[in-house]
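To start, the structure itself, in structure tokens.
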Amino acid sequence: MSVNDTDAKEKVGDRFHRFRVKLGKAQHELGAELNVSQSTIANIERGKSFPNINYLHYFYHTYRLDINWLLTNDGEMFLKDKPGKESFIDLVNMMRVPLVEKVILAKLVESKALLREDIKAYFAKLAEKKENGS
């Protein structure tokens, strides 16, 4: 990881912290809302990791968080317009920060691999049940 990557994560983490405080939520409360641990939220705020694309999608639709603000500090924290029916692709297209695009693509590839393993495990269990006559 380069110095610029670390700096970018720290800046996003700082803005993420400001967003959470603006919501009036403790780290554990926001973590519970996302079904993640308090340490996951703390790691984002400390700049150790970027927020997962699913979290960004949730915050965008639930709180109208301006993802562009979170990533670049441009604009306002919250969007003024009503939520639309944007897809993940629209959300990704809003993020024109090269480092963030790389992180998102890496997370998508990782998610695809995990999903593939889950599907294989499901069909293996299904086949095992059929063999056992269950």
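Each chain in the structure tokens gets a letter, A, B, ..., in the order shown, and its residues are numbered from 1; ligands are numbered from 1 in order too.
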I'd like the contact shell of Leu34 in chain A - 12 Å cut-off, only C-alpha atoms, skipping same-chain residues fewer than 2 positions apart - returned as an MDAnalysis selection string. chainID A and resid 27:32 36:38 40:41 51:59 62
Let's have the selection written as a CSV table (one decimal), in the first residue's frame, with C-alpha atoms.
```csv
chain,number,residue,atom,x,y,z
A,27,GLN,CA,-19.9,2.5,16.7
A,28,HIS,CA,-21.6,-0.5,18.2
A,29,GLU,CA,-25.0,0.8,17.2
A,30,LEU,CA,-24.0,1.4,13.6
A,31,GLY,CA,-22.3,-2.0,13.6
A,32,ALA,CA,-25.5,-3.6,14.8
A,36,VAL,CA,-21.1,-6.2,11.7
A,37,SER,CA,-18.9,-5.8,14.8
A,38,GLN,CA,-18.0,-2.5,16.4
A,40,THR,CA,-15.4,-3.1,11.7
A,41,ILE,CA,-16.7,0.4,12.1
A,51,PRO,CA,-16.4,0.9,3.8
A,52,ASN,CA,-17.8,-2.2,2.0
A,53,ILE,CA,-19.9,-1.4,-1.1
A,54,ASN,CA,-22.9,-2.8,0.6
A,55,TYR,CA,-22.5,-0.4,3.5
A,56,LEU,CA,-22.3,2.5,1.0
A,57,HIS,CA,-25.4,1.3,-0.8
A,58,TYR,CA,-27.2,1.1,2.6
A,59,PHE,CA,-26.2,4.5,3.8
A,62,THR,CA,-31.2,4.9,4.2
```
Near-range 7-24 of chain A list (7 Å; only C-alpha atoms; drop same-chain fewer than 6 positions) as number ranges by chain: A: 44-50, 70-71
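In this model, the gap between CA of Ser111 in chain A and CA of Phe123 in chain A comes to 18.4 Å.
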As an exercise, work out the distance from CA of Val103 in chain A to CA of Ala42 in chain A in Å and give it to one decimal place.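 Pair CA of Val103 in chain A / CA of Ala42 in chain A returns 18.4 Å.
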